Amino acid sequence: QAQLVESGGGVVQAGGSLSLSCAASGASGTIFSLNAMSWHRQVPGKQRELIASITSGGSPTYADSVKGRFTISRDYAKNTVYLQMNSLKPEDTAVYYCNADGGDYDPHRGEAHYGMDYWGKGTLVTVSS
């Protein structure tokens, strides 16, 4: 089953940096066609927040809370989206999720999926003061 897999979370001191990755994964040979990709974060008891997105053409947008500190990028060949986080603050502590919309095709099974909304399971980022 096609899914997104995040990596790179951990513990960092305030003012430090951390880089997250999120790759589309599926059965061997699965072909992905991904449109916009994005990063969201969620603190317990609060709603999930969109913090950065990047279009299929590579244009990024950021929430005010991370603008100037975080950078989103993507590797089309690897179906991967990245989030470089600099000047981290304790309030950046959250579970970070990646999201992508698009479709996939498994040539071995001859199965195609369209209009998909993929989510990763999340990776925890903790910023200590």
# chains A, B, ... in the order shown; residues from 1 in each chain; ligands from 1
call {"tool": "residues_around", "arguments": {"residues": "A:Ile54", "least_positions_apart": "5", "cutoff": "10 Å", "atoms": "only C-alpha atoms", "output": "VMD selection string"}}
result
chain A and resid 35 to 39 59 to 62 72 to 74 81 100
call {"tool": "write_last_selection", "arguments": {"atoms": "all heavy atoms", "output": "short mmCIF file (atom, residue, chain, number, x, y, z; two decimals), in the first residue's frame"}}
result
data_model
loop_
_atom_site.label_atom_id
_atom_site.label_comp_id
_atom_site.auth_asym_id
_atom_site.auth_seq_id
_atom_site.Cartn_x
_atom_site.Cartn_y
_atom_site.Cartn_z
N ASN A 35 1.27 15.79 -6.59
CA ASN A 35 1.05 17.21 -6.86
C ASN A 35 1.66 18.03 -5.72
O ASN A 35 2.84 17.98 -5.49
CB ASN A 35 -0.44 17.46 -7.05
CG ASN A 35 -1.00 16.66 -8.20
OD1 ASN A 35 -0.39 16.53 -9.25
ND2 ASN A 35 -2.17 16.06 -7.99
N ALA A 36 0.85 18.77 -5.00
CA ALA A 36 1.37 19.55 -3.87
C ALA A 36 1.81 18.62 -2.75
O ALA A 36 1.19 17.58 -2.51
CB ALA A 36 0.31 20.51 -3.37
N MET A 37 2.87 19.02 -2.08
CA MET A 37 3.34 18.30 -0.89
C MET A 37 3.45 19.32 0.24
O MET A 37 3.71 20.50 -0.01
CB MET A 37 4.68 17.62 -1.17
CG MET A 37 4.65 16.67 -2.35
SD MET A 37 6.20 15.78 -2.61
CE MET A 37 6.06 14.50 -1.34
N SER A 38 3.28 18.86 1.46
CA SER A 38 3.25 19.82 2.55
C SER A 38 3.68 19.19 3.86
O SER A 38 3.72 17.96 4.01
CB SER A 38 1.85 20.42 2.70
OG SER A 38 0.88 19.41 2.91
N TRP A 39 3.98 20.06 4.81
CA TRP A 39 4.29 19.67 6.18
C TRP A 39 3.28 20.33 7.12
O TRP A 39 2.94 21.51 6.97
CB TRP A 39 5.70 20.09 6.57
CG TRP A 39 6.77 19.27 5.93
CD1 TRP A 39 7.45 19.55 4.79
CD2 TRP A 39 7.27 18.02 6.42
NE1 TRP A 39 8.36 18.55 4.52
CE2 TRP A 39 8.26 17.58 5.51
CE3 TRP A 39 6.98 17.21 7.51
CZ2 TRP A 39 8.97 16.40 5.67
CZ3 TRP A 39 7.67 16.03 7.68
CH2 TRP A 39 8.66 15.63 6.76
N SER A 59 6.84 25.91 -6.11
CA SER A 59 6.63 27.17 -5.40
C SER A 59 6.25 26.91 -3.94
O SER A 59 5.26 26.23 -3.68
CB SER A 59 5.52 27.98 -6.07
OG SER A 59 5.89 28.34 -7.39
N PRO A 60 7.02 27.46 -2.99
CA PRO A 60 6.75 27.22 -1.58
C PRO A 60 5.89 28.32 -0.95
O PRO A 60 5.90 29.48 -1.39
CB PRO A 60 8.15 27.24 -0.96
CG PRO A 60 8.88 28.25 -1.80
CD PRO A 60 8.30 28.15 -3.18
N THR A 61 5.16 27.94 0.08
CA THR A 61 4.47 28.90 0.94
C THR A 61 4.68 28.46 2.38
O THR A 61 4.86 27.26 2.65
CB THR A 61 2.97 28.98 0.63
OG1 THR A 61 2.39 27.68 0.76
CG2 THR A 61 2.71 29.50 -0.77
N TYR A 62 4.64 29.43 3.29
CA TYR A 62 4.92 29.16 4.69
C TYR A 62 3.91 29.85 5.60
O TYR A 62 3.42 30.94 5.29
CB TYR A 62 6.32 29.65 5.05
CG TYR A 62 7.43 29.03 4.25
CD1 TYR A 62 7.92 29.65 3.11
CD2 TYR A 62 7.98 27.79 4.63
CE1 TYR A 62 8.92 29.07 2.36
CE2 TYR A 62 8.99 27.22 3.89
CZ TYR A 62 9.46 27.85 2.76
OH TYR A 62 10.47 27.28 2.01
N ILE A 72 11.12 24.50 2.82
CA ILE A 72 10.59 23.26 2.24
C ILE A 72 11.17 23.08 0.84
O ILE A 72 11.35 24.06 0.10
CB ILE A 72 9.04 23.28 2.20
CG1 ILE A 72 8.48 21.92 1.78
CG2 ILE A 72 8.52 24.39 1.29
CD1 ILE A 72 6.96 21.82 1.93
N SER A 73 11.47 21.85 0.51
CA SER A 73 11.98 21.55 -0.84
C SER A 73 11.53 20.14 -1.20
O SER A 73 11.04 19.39 -0.34
CB SER A 73 13.50 21.66 -0.88
OG SER A 73 14.11 20.76 0.03
N ARG A 74 11.71 19.77 -2.45
CA ARG A 74 11.29 18.44 -2.87
C ARG A 74 12.24 17.90 -3.93
O ARG A 74 12.85 18.65 -4.68
CB ARG A 74 9.84 18.44 -3.38
CG ARG A 74 9.62 19.26 -4.63
CD ARG A 74 8.12 19.40 -4.94
NE ARG A 74 7.50 18.13 -5.32
CZ ARG A 74 6.19 17.98 -5.54
NH1 ARG A 74 5.38 19.02 -5.39
NH2 ARG A 74 5.70 16.81 -5.89
N VAL A 81 9.85 14.95 0.00
CA VAL A 81 9.77 16.34 0.42
C VAL A 81 10.61 16.51 1.69
O VAL A 81 10.66 15.60 2.52
CB VAL A 81 8.31 16.79 0.64
CG1 VAL A 81 7.65 16.01 1.77
CG2 VAL A 81 8.23 18.29 0.89
N ALA A 100 0.68 14.65 0.93
CA ALA A 100 0.79 14.84 -0.51
C ALA A 100 -0.51 14.39 -1.16
O ALA A 100 -1.17 13.47 -0.67
CB ALA A 100 1.96 14.06 -1.07
#
call {"tool": "residues_around", "arguments": {"residues": "A:Leu88", "least_positions_apart": "6", "cutoff": "8 Å", "atoms": "only C-alpha atoms", "output": "list of chain:residue names"}}
result
A:Gln13, A:Ala14, A:Gly15, A:Gly16, A:Ser17, A:Arg69, A:Val127
call {"tool": "residues_around", "arguments": {"residues": "A:Asn99", "least_positions_apart": "3", "cutoff": "12 Å", "atoms": "only C-alpha atoms", "output": "ChimeraX atom specification"}}
result
/A:3-6,21-24,34-41,48-55,79-82,96,102,116-122
call {"tool": "write_last_selection", "arguments": {"atoms": "C-alpha atoms", "output": "CSV table (one decimal), in the first residue's frame"}}
result
chain,number,residue,atom,x,y,z
A,3,GLN,CA,2.2,5.7,1.9
A,4,LEU,CA,4.4,8.5,3.1
A,5,VAL,CA,7.3,7.8,5.6
A,6,GLU,CA,8.8,10.6,7.6
A,21,SER,CA,12.5,14.0,5.2
A,22,CYS,CA,9.3,12.4,3.9
A,23,ALA,CA,9.4,9.8,1.1
A,24,ALA,CA,6.6,8.2,-0.8
A,34,LEU,CA,2.4,13.7,-6.7
A,35,ASN,CA,1.0,17.2,-6.9
A,36,ALA,CA,1.4,19.6,-3.9
A,37,MET,CA,3.3,18.3,-0.9
A,38,SER,CA,3.3,19.8,2.6
A,39,TRP,CA,4.3,19.7,6.2
A,40,HIS,CA,1.9,20.0,9.1
A,41,ARG,CA,2.4,19.8,12.8
A,48,ARG,CA,-3.1,20.2,13.2
A,49,GLU,CA,-1.4,23.2,11.6
A,50,LEU,CA,-0.2,23.6,8.0
A,51,ILE,CA,3.2,25.1,8.2
A,52,ALA,CA,4.7,24.7,4.7
A,53,SER,CA,3.7,23.6,1.3
A,54,ILE,CA,5.2,23.3,-2.1
A,55,THR,CA,3.4,23.0,-5.4
A,79,ASN,CA,9.2,11.5,-4.5
A,80,THR,CA,10.5,13.1,-1.4
A,81,VAL,CA,9.8,16.3,0.4
A,82,TYR,CA,12.1,17.9,2.9
A,96,TYR,CA,5.3,16.8,12.3
A,102,GLY,CA,-1.9,12.7,-6.3
A,116,MET,CA,-5.3,10.2,-3.2
A,117,ASP,CA,-4.5,12.2,-0.1
A,118,TYR,CA,-1.5,10.6,1.5
A,119,TRP,CA,-0.4,11.2,5.1
A,120,GLY,CA,2.7,10.0,7.0
A,121,LYS,CA,2.4,8.7,10.6
A,122,GLY,CA,4.4,11.6,12.0
call {"tool": "atom_distance", "arguments": {"atom1": "atom CA of A:Phe70", "atom2": "atom CA of A:Gln84"}}
result
5.5 Å
call {"tool": "closest_residue", "arguments": {"among": "A:Tyr97, A:Ala2, A:His113, A:Pro90", "to": "A:Ala27", "atoms": "only C-alpha atoms"}}
result
A:Ala2
call {"tool": "residues_around", "arguments": {"residues": "A:Phe32", "least_positions_apart": "6", "cutoff": "7 Å", "atoms": "only C-alpha atoms", "output": "ChimeraX atom specification"}}
result
/A:103-105
call {"tool": "write_last_selection", "arguments": {"atoms": "N, CA, C and O atoms", "output": "mmCIF file, in the first residue's frame"}}
result
data_model
loop_
_atom_site.group_PDB
_atom_site.id
_atom_site.type_symbol
_atom_site.label_atom_id
_atom_site.label_comp_id
_atom_site.auth_asym_id
_atom_site.auth_seq_id
_atom_site.Cartn_x
_atom_site.Cartn_y
_atom_site.Cartn_z
ATOM 1 N N GLY A 103 -1.543 10.454 -7.057
ATOM 2 C CA GLY A 103 -1.946 9.085 -7.322
ATOM 3 C C GLY A 103 -0.741 8.178 -7.445
ATOM 4 O O GLY A 103 0.404 8.631 -7.374
ATOM 5 N N ASP A 104 -1.021 6.889 -7.586
ATOM 6 C CA ASP A 104 0.055 5.930 -7.753
ATOM 7 C C ASP A 104 -0.393 4.790 -8.652
ATOM 8 O O ASP A 104 -1.592 4.557 -8.846
ATOM 9 N N TYR A 105 0.579 4.093 -9.192
ATOM 10 C CA TYR A 105 0.310 2.965 -10.066
ATOM 11 C C TYR A 105 1.269 1.834 -9.745
ATOM 12 O O TYR A 105 2.494 2.024 -9.734
#
